[in-house]
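File shown here: protein.csv, holding CSV, C-alpha atoms.
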```csv
chain,number,residue,atom,x,y,z
E,472,MET,CA,-25.0,-24.8,11.1
E,473,ASN,CA,-21.3,-25.1,11.4
E,474,ILE,CA,-18.9,-23.9,14.1
E,475,LEU,CA,-15.8,-22.2,12.9
E,476,PRO,CA,-12.8,-21.2,15.0
E,477,TYR,CA,-11.6,-17.7,14.6
E,478,VAL,CA,-8.9,-15.4,16.0
E,479,ARG,CA,-9.3,-11.6,16.1
E,480,PHE,CA,-6.7,-8.8,15.9
E,481,ASP,CA,-6.4,-5.1,16.3
E,482,PRO,CA,-4.0,-3.6,13.7
E,483,THR,CA,-4.3,0.2,14.1
E,484,GLY,CA,-7.9,-0.1,15.0
E,485,ASN,CA,-8.8,-2.0,11.8
E,486,ILE,CA,-10.3,-5.0,13.7
E,487,THR,CA,-9.6,-8.1,11.6
E,488,ALA,CA,-10.8,-11.7,12.1
E,489,PHE,CA,-9.3,-14.8,10.6
E,490,ILE,CA,-11.2,-18.1,10.2
E,491,ASN,CA,-8.4,-20.6,10.8
E,492,THR,CA,-10.1,-23.8,9.5
E,493,PRO,CA,-10.7,-24.6,5.7
E,494,VAL,CA,-13.7,-22.9,4.1
E,495,ILE,CA,-14.4,-23.5,0.3
E,496,ARG,CA,-13.4,-20.3,-1.6
E,497,SER,CA,-16.8,-20.0,-3.2
E,498,LEU,CA,-18.4,-19.9,0.3
E,499,GLN,CA,-16.0,-17.4,1.8
E,500,PRO,CA,-17.7,-14.2,0.8
E,501,SER,CA,-21.1,-15.3,2.1
E,502,VAL,CA,-19.6,-16.6,5.4
E,503,ALA,CA,-17.8,-13.3,5.9
E,504,ALA,CA,-20.9,-11.3,5.1
E,505,GLU,CA,-23.0,-13.4,7.6
E,506,ILE,CA,-20.5,-12.9,10.4
E,507,MET,CA,-20.0,-9.2,9.8
E,508,THR,CA,-23.7,-8.4,9.6
E,509,SER,CA,-24.7,-10.6,12.6
E,510,GLY,CA,-23.1,-8.5,15.3
E,511,ARG,CA,-21.6,-11.6,17.0
E,512,PHE,CA,-18.3,-9.9,17.4
E,513,PRO,CA,-17.0,-6.6,16.0
E,514,CYS,CA,-14.7,-6.6,13.0
E,515,GLU,CA,-14.1,-4.6,9.9
E,516,GLN,CA,-12.9,-7.4,7.7
E,517,ILE,CA,-12.4,-11.2,7.6
E,518,GLY,CA,-9.7,-13.3,6.1
E,519,PHE,CA,-9.3,-17.1,5.8
E,520,LEU,CA,-6.1,-18.9,6.6
E,521,GLU,CA,-5.2,-21.6,4.0
E,522,SER,CA,-2.3,-23.8,3.1
E,523,PRO,CA,0.0,-22.0,0.7
E,524,ALA,CA,0.7,-23.1,-2.9
E,525,ASP,CA,4.3,-22.0,-2.6
E,526,SER,CA,6.3,-24.3,-0.2
E,527,THR,CA,8.5,-21.3,1.0
E,528,ALA,CA,5.4,-19.5,2.4
E,529,ARG,CA,4.2,-20.3,6.0
E,530,VAL,CA,0.5,-19.7,5.3
E,531,ARG,CA,-1.8,-18.2,2.7
E,532,LEU,CA,-4.2,-15.4,3.7
E,533,GLN,CA,-7.3,-15.3,1.5
E,534,MET,CA,-9.3,-12.1,2.1
E,535,MET,CA,-13.1,-12.3,2.1
E,536,GLY,CA,-13.4,-10.7,-1.4
E,537,GLY,CA,-10.1,-11.8,-2.8
E,538,GLU,CA,-8.7,-8.3,-2.2
E,539,PHE,CA,-5.4,-7.4,-0.7
E,540,CYS,CA,-5.1,-5.9,2.8
E,541,GLY,CA,-1.9,-4.7,4.4
E,542,ASN,CA,-3.2,-4.7,7.9
E,543,ALA,CA,-4.5,-8.3,7.6
E,544,ALA,CA,-1.2,-9.4,6.1
E,545,MET,CA,0.6,-7.8,9.0
E,546,SER,CA,-1.8,-9.6,11.4
E,547,ALA,CA,-1.3,-13.0,9.7
E,548,ALA,CA,2.5,-12.5,10.1
E,549,VAL,CA,2.0,-11.7,13.7
E,550,TYR,CA,-0.2,-14.7,14.3
E,551,THR,CA,2.4,-17.0,12.7
E,552,ALA,CA,5.2,-15.5,14.8
E,553,TYR,CA,3.0,-15.8,17.9
E,554,LEU,CA,2.3,-19.5,17.3
E,555,ASP,CA,6.0,-20.0,16.8
E,556,GLY,CA,6.6,-18.5,20.2
E,557,ILE,CA,8.5,-15.3,19.3
E,558,LYS,CA,10.3,-13.9,22.3
E,559,PRO,CA,10.9,-10.2,23.4
E,560,GLY,CA,13.9,-8.8,21.6
E,561,GLN,CA,13.5,-11.1,18.6
E,562,SER,CA,12.8,-10.0,15.0
E,563,VAL,CA,11.5,-12.7,12.7
E,564,THR,CA,10.7,-12.8,9.0
E,565,VAL,CA,7.5,-14.5,8.1
E,566,PRO,CA,6.9,-15.4,4.4
E,567,LEU,CA,3.2,-15.2,3.4
E,568,GLU,CA,1.0,-15.7,0.4
E,569,VAL,CA,-1.8,-13.0,0.4
E,570,SER,CA,-4.7,-12.6,-2.0
E,571,GLY,CA,-4.3,-9.7,-4.4
E,572,ALA,CA,-0.5,-9.9,-4.2
E,573,GLU,CA,1.9,-11.8,-6.5
E,574,GLY,CA,4.5,-14.2,-5.1
E,575,VAL,CA,5.5,-14.4,-1.4
E,576,LEU,CA,5.6,-11.4,0.9
E,577,ASN,CA,8.4,-11.4,3.5
E,578,CYS,CA,6.9,-9.7,6.5
E,579,VAL,CA,9.0,-8.7,9.6
E,580,VAL,CA,7.6,-9.0,13.1
E,581,ARG,CA,9.0,-7.7,16.4
E,582,PRO,CA,7.4,-7.9,19.9
E,583,ALA,CA,6.4,-4.4,21.2
E,584,ALA,CA,4.8,-3.2,24.4
E,585,GLY,CA,1.5,-5.2,24.7
E,586,GLY,CA,1.6,-6.4,21.2
E,587,TYR,CA,3.8,-6.5,18.0
E,588,GLU,CA,5.2,-4.3,15.4
E,589,GLY,CA,5.0,-5.5,11.8
E,590,THR,CA,6.5,-4.4,8.5
E,591,VAL,CA,4.8,-5.6,5.3
E,592,PRO,CA,6.1,-5.1,1.7
E,593,MET,CA,3.1,-3.9,-0.4
E,594,PRO,CA,2.0,-5.0,-3.9
E,595,ALA,CA,3.3,-2.9,-6.7
E,596,VAL,CA,1.6,0.3,-7.6
E,597,ARG,CA,0.7,-0.2,-11.2
E,598,ALA,CA,-0.3,3.4,-12.0
E,599,VAL,CA,-1.3,6.7,-10.4
E,600,ASP,CA,-3.5,9.0,-12.4
E,601,GLU,CA,-5.4,12.2,-11.5
E,602,ARG,CA,-8.8,13.2,-12.8
E,603,ASP,CA,-11.9,15.1,-11.7
E,604,GLY,CA,-10.0,16.3,-8.7
E,605,MET,CA,-9.2,12.8,-7.4
E,606,VAL,CA,-6.1,10.6,-7.4
E,607,PHE,CA,-6.5,7.0,-8.5
E,608,VAL,CA,-3.9,4.6,-7.2
E,609,HIS,CA,-4.0,1.3,-9.0
E,610,THR,CA,-2.6,-2.0,-7.4
E,611,ASP,CA,-3.5,-5.6,-8.2
E,612,GLY,CA,-5.5,-6.2,-5.0
E,613,ILE,CA,-7.4,-2.9,-4.6
E,614,LEU,CA,-8.0,0.5,-6.2
E,615,HIS,CA,-7.7,3.5,-3.9
E,616,ILE,CA,-9.1,6.9,-4.7
E,617,ILE,CA,-7.6,9.8,-2.8
E,618,LEU,CA,-9.8,12.9,-2.2
E,619,ARG,CA,-7.9,16.0,-1.0
E,620,GLU,CA,-11.0,17.5,0.8
E,621,SER,CA,-13.5,16.5,3.5
E,622,ILE,CA,-17.0,15.6,2.5
E,623,SER,CA,-20.0,14.3,4.5
E,624,ALA,CA,-20.3,10.6,5.2
E,625,GLY,CA,-23.4,10.3,3.0
E,626,ASP,CA,-21.7,12.0,0.1
E,627,ALA,CA,-18.6,9.8,0.5
E,628,GLU,CA,-20.7,6.6,0.5
E,629,THR,CA,-22.6,7.7,-2.6
E,630,LEU,CA,-19.5,8.7,-4.4
E,631,LEU,CA,-17.7,5.5,-3.6
E,632,ARG,CA,-20.6,3.3,-4.7
E,633,SER,CA,-20.8,5.3,-8.0
E,634,LEU,CA,-17.0,5.0,-8.7
E,635,ALA,CA,-16.9,1.3,-7.8
E,636,ARG,CA,-19.5,0.6,-10.5
E,637,GLN,CA,-17.2,2.1,-13.1
E,638,VAL,CA,-14.1,-0.1,-12.3
E,639,SER,CA,-13.4,-3.8,-12.3
E,640,ALA,CA,-11.4,-3.9,-9.1
E,641,ASP,CA,-12.5,-6.4,-6.4
E,642,ALA,CA,-12.3,-3.7,-3.7
E,643,VAL,CA,-12.3,0.1,-3.9
E,644,GLY,CA,-11.3,2.6,-1.2
E,645,LEU,CA,-12.1,6.2,-0.9
E,646,LEU,CA,-9.5,8.0,1.2
E,647,GLN,CA,-10.2,11.6,2.5
E,648,TRP,CA,-6.6,12.9,2.9
E,649,THR,CA,-6.4,16.3,4.5
E,650,ASN,CA,-4.0,18.0,6.9
E,651,GLY,CA,-2.0,14.8,7.4
E,652,PHE,CA,-5.0,12.7,8.4
E,653,MET,CA,-6.7,10.0,6.4
E,654,ILE,CA,-10.3,8.8,6.7
E,655,PRO,CA,-10.7,5.5,4.8
E,656,LEU,CA,-13.9,4.1,3.4
E,657,VAL,CA,-13.7,0.6,1.7
E,658,LEU,CA,-16.2,-1.3,-0.4
E,659,VAL,CA,-15.7,-5.0,-1.1
E,660,LYS,CA,-17.8,-6.0,-4.0
E,661,SER,CA,-18.3,-9.8,-3.4
E,662,THR,CA,-19.5,-9.3,0.1
E,663,GLY,CA,-21.4,-6.1,-0.5
E,664,THR,CA,-19.7,-4.5,2.6
E,665,LEU,CA,-19.1,-0.8,2.9
E,666,VAL,CA,-16.9,-0.1,5.9
E,667,TRP,CA,-15.6,3.1,7.5
E,668,GLU,CA,-12.3,1.6,8.5
E,669,THR,CA,-10.4,3.0,11.6
E,670,GLY,CA,-7.1,2.1,9.9
E,671,CYS,CA,-6.3,1.0,6.4
E,672,GLY,CA,-2.9,-0.5,5.4
E,673,SER,CA,-3.3,-0.5,1.7
E,674,GLY,CA,-4.9,2.9,1.8
E,675,SER,CA,-1.9,4.2,3.8
E,676,ALA,CA,0.4,2.8,1.1
E,677,ALA,CA,-1.6,4.5,-1.6
E,678,VAL,CA,-1.3,7.9,0.1
E,679,GLY,CA,2.4,7.2,0.8
E,680,ALA,CA,2.9,6.5,-2.9
E,681,TYR,CA,1.1,9.7,-3.9
E,682,GLU,CA,3.2,11.7,-1.5
E,683,ALA,CA,6.4,10.1,-2.8
E,684,LEU,CA,5.5,11.0,-6.3
E,685,ARG,CA,4.8,14.6,-5.3
E,686,ALA,CA,8.2,14.8,-3.6
E,687,GLY,CA,10.2,13.5,-6.6
E,688,ASN,CA,13.0,11.0,-6.7
E,689,GLY,CA,14.0,9.1,-3.5
E,690,VAL,CA,12.6,7.2,-0.6
E,691,VAL,CA,9.9,9.1,1.2
E,692,ARG,CA,8.6,8.3,4.7
E,693,THR,CA,5.1,9.4,5.5
E,694,ASP,CA,3.3,8.9,8.8
E,695,ILE,CA,-0.4,8.4,7.9
E,696,ARG,CA,-2.6,9.4,10.9
E,697,GLN,CA,-6.1,7.9,10.9
E,698,PRO,CA,-8.8,7.2,13.4
E,699,GLY,CA,-7.2,4.1,14.8
E,700,GLY,CA,-3.6,5.4,15.0
E,701,THR,CA,-0.6,5.9,12.7
E,702,ILE,CA,0.8,3.7,10.0
E,703,THR,CA,4.2,4.6,8.6
E,704,VAL,CA,4.8,4.2,4.9
E,705,ASN,CA,8.2,4.1,3.1
E,706,ALA,CA,7.8,4.5,-0.6
E,707,GLU,CA,10.5,4.9,-3.4
E,708,SER,CA,9.8,7.2,-6.3
E,709,ARG,CA,12.0,7.1,-9.4
E,710,GLY,CA,11.3,8.8,-12.7
E,711,GLY,CA,7.6,9.3,-11.9
E,712,HIS,CA,7.1,5.7,-10.9
E,713,ILE,CA,6.8,4.0,-7.5
E,714,GLY,CA,9.3,1.3,-6.7
E,715,ASN,CA,9.5,-0.5,-3.3
E,716,ILE,CA,6.8,0.4,-0.8
E,717,SER,CA,6.2,-1.0,2.7
E,718,ILE,CA,4.0,-0.2,5.7
E,719,THR,CA,4.8,-0.5,9.4
E,720,GLY,CA,2.2,-0.6,12.1
E,721,TYR,CA,1.2,-2.0,15.6
E,722,VAL,CA,-0.9,-5.1,16.1
E,723,LYS,CA,-2.6,-6.6,19.2
E,724,LEU,CA,-4.0,-10.1,19.4
E,725,LEU,CA,-7.5,-9.7,20.9
E,726,GLU,CA,-9.0,-13.2,21.3
E,727,HIS,CA,-9.6,-16.7,20.1
E,728,GLY,CA,-13.1,-18.1,19.8
E,729,ASN,CA,-15.7,-19.9,17.8
E,730,VAL,CA,-18.6,-18.6,15.6
E,731,SER,CA,-21.6,-20.5,14.2
E,732,VAL,CA,-22.5,-19.9,10.5
E,733,ASN,CA,-25.0,-21.3,8.1
E,734,ILE,CA,-22.8,-23.2,5.5
```
Rewritten as structure tokens:
Amino acid sequence: MNILPYVRFDPTGNITAFINTPVIRSLQPSVAAEIMTSGRFPCEQIGFLESPADSTARVRLQMMGGEFCGNAAMSAAVYTAYLDGIKPGQSVTVPLEVSGAEGVLNCVVRPAAGGYEGTVPMPAVRAVDERDGMVFVHTDGILHIILRESISAGDAETLLRSLARQVSADAVGLLQWTNGFMIPLVLVKSTGTLVWETGCGSGSAAVGAYEALRAGNGVVRTDIRQPGGTITVNAESRGGHIGNISITGYVKLLEHGNVSVNI
């Protein structure tokens, strides 16, 4: 039995925990799965804070299944700014390495009422294709599938499990996007977790990219309402392709603590 320190955040209701002591990569999925299924503290996902390979980055965030997560990246930037002692009225840029994303992401953090506002540049959208009445948004860190209708929870889980078996992505999300409201369901293969997320940063970016393509050329701002609150997406569409894309949301630091795991 080992005791691991953790810190827990609330980015738009998408409760995220970081283990901030080194854990061997091969053990990270099983550690995350044990914590998430134990009921010791509520969280929808777990990341591991590591030393970055790039000397210009402050920290590396390695998600539990090697996927990319925008809300977790935002929280890691907030945590770094918090440890640095960011003051009200300040705006700081925090360079991060994040699993599922190439290079260094320069995230912007600003104190806000009771928490922090963060803006995160998102990984490139490699392709968007539509088939069988669904929209597939491909990025390096996660595949999101947009469904423009509401279906039952059971049907959604069955559909996502079926679709995930057909693709090689580390993580797959099913996003019910109707009437300006998104309900995200995310499956991470290596941990075997299927989570109804209250807020999803990468899912918000996928929907924002889709809406930008529908609008034509230019930068499109889309407010993505979801169970945990609203994430704002700015996405650039040029010639049928998505360029720069970022998300902005609100993050609260919830607690520090320790958790015991069998590693």
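A straight line drawn from CA of Gly604 (chain E) to CA of Thr664 (chain E) is 25.6 Å long.
Rounded to one decimal, CA of Pro500 (chain E) and CA of Val704 (chain E) lie 29.4 Å from each other.
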Contact residues around Val596 (chain E) with only C-alpha atoms at 12 Å, ignoring same-chain residues under 6 positions, as a PyMOL selection string: chain E and resi 572+607-615+673-674+676-681+683-684+706-708+711-717
How would the residues just chosen look if you wrote them out with C-alpha atoms as an mmCIF file, keeping the file's coordinate frame?
```cif
data_model
loop_
_atom_site.group_PDB
_atom_site.id
_atom_site.type_symbol
_atom_site.label_atom_id
_atom_site.label_comp_id
_atom_site.auth_asym_id
_atom_site.auth_seq_id
_atom_site.Cartn_x
_atom_site.Cartn_y
_atom_site.Cartn_z
ATOM 1 C CA ALA E 572 -0.500 -9.900 -4.200
ATOM 2 C CA PHE E 607 -6.500 7.000 -8.500
ATOM 3 C CA VAL E 608 -3.900 4.600 -7.200
ATOM 4 C CA HIS E 609 -4.000 1.300 -9.000
ATOM 5 C CA THR E 610 -2.600 -2.000 -7.400
ATOM 6 C CA ASP E 611 -3.500 -5.600 -8.200
ATOM 7 C CA GLY E 612 -5.500 -6.200 -5.000
ATOM 8 C CA ILE E 613 -7.400 -2.900 -4.600
ATOM 9 C CA LEU E 614 -8.000 0.500 -6.200
ATOM 10 C CA HIS E 615 -7.700 3.500 -3.900
ATOM 11 C CA SER E 673 -3.300 -0.500 1.700
ATOM 12 C CA GLY E 674 -4.900 2.900 1.800
ATOM 13 C CA ALA E 676 0.400 2.800 1.100
ATOM 14 C CA ALA E 677 -1.600 4.500 -1.600
ATOM 15 C CA VAL E 678 -1.300 7.900 0.100
ATOM 16 C CA GLY E 679 2.400 7.200 0.800
ATOM 17 C CA ALA E 680 2.900 6.500 -2.900
ATOM 18 C CA TYR E 681 1.100 9.700 -3.900
ATOM 19 C CA ALA E 683 6.400 10.100 -2.800
ATOM 20 C CA LEU E 684 5.500 11.000 -6.300
ATOM 21 C CA ALA E 706 7.800 4.500 -0.600
ATOM 22 C CA GLU E 707 10.500 4.900 -3.400
ATOM 23 C CA SER E 708 9.800 7.200 -6.300
ATOM 24 C CA GLY E 711 7.600 9.300 -11.900
ATOM 25 C CA HIS E 712 7.100 5.700 -10.900
ATOM 26 C CA ILE E 713 6.800 4.000 -7.500
ATOM 27 C CA GLY E 714 9.300 1.300 -6.700
ATOM 28 C CA ASN E 715 9.500 -0.500 -3.300
ATOM 29 C CA ILE E 716 6.800 0.400 -0.800
ATOM 30 C CA SER E 717 6.200 -1.000 2.700
#
```
Please provide the set of residues having any atom within 8 Å of Ile616 (chain E), restricted to all atoms listed in the file, with same-chain residues fewer than 2 positions apart removed, written as a PyMOL selection string. chain E and resi 605-608+614+618+643-646
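Counting all atoms listed in the file and comparing E:Asn577, E:Val549, E:Ala488, E:Ala544, the residue that lies closest to Ala528 (chain E) is E:Asn577.
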Skip Gly672 (chain E) itself and residues of its chain fewer than 3 positions away, then list as a PyMOL selection string all residues within 6 Å of it, counting all atoms listed in the file. chain E and resi 541-542+675
Selection from above, C-alpha atoms, as a compact mmCIF listing (two decimals), in the frame of the given file, can you write it?
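Saved as result.txt:
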```txt
# COMPACT_ATOMS: atom_id res chain seq x y z
CA GLY E 541 -1.90 -4.70 4.40
CA ASN E 542 -3.20 -4.70 7.90
CA SER E 675 -1.90 4.20 3.80
```
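Distances from E:Gln516, E:Thr483, E:Thr527, E:Ser509 to Val666 (chain E) were compared using all atoms listed in the file, and the smallest one belongs to E:Gln516.
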I want to know what sits within 12 Å of Lys558 (chain E), based on only C-alpha atoms, with residues of the same chain fewer than 2 positions away left out; could you give that as number ranges by chain? E: 552-556, 560-563, 580-583, 586-587
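The gap separating CA of Met653 (chain E) from CA of Val599 (chain E) is 18.0 Å, in Å to one decimal.
For the set E:Gly518, E:Pro482, E:Pro523, E:Gly536, the residue with the smallest atom-to-atom gap to Thr662 (chain E) is E:Gly536, counting only C-alpha atoms.
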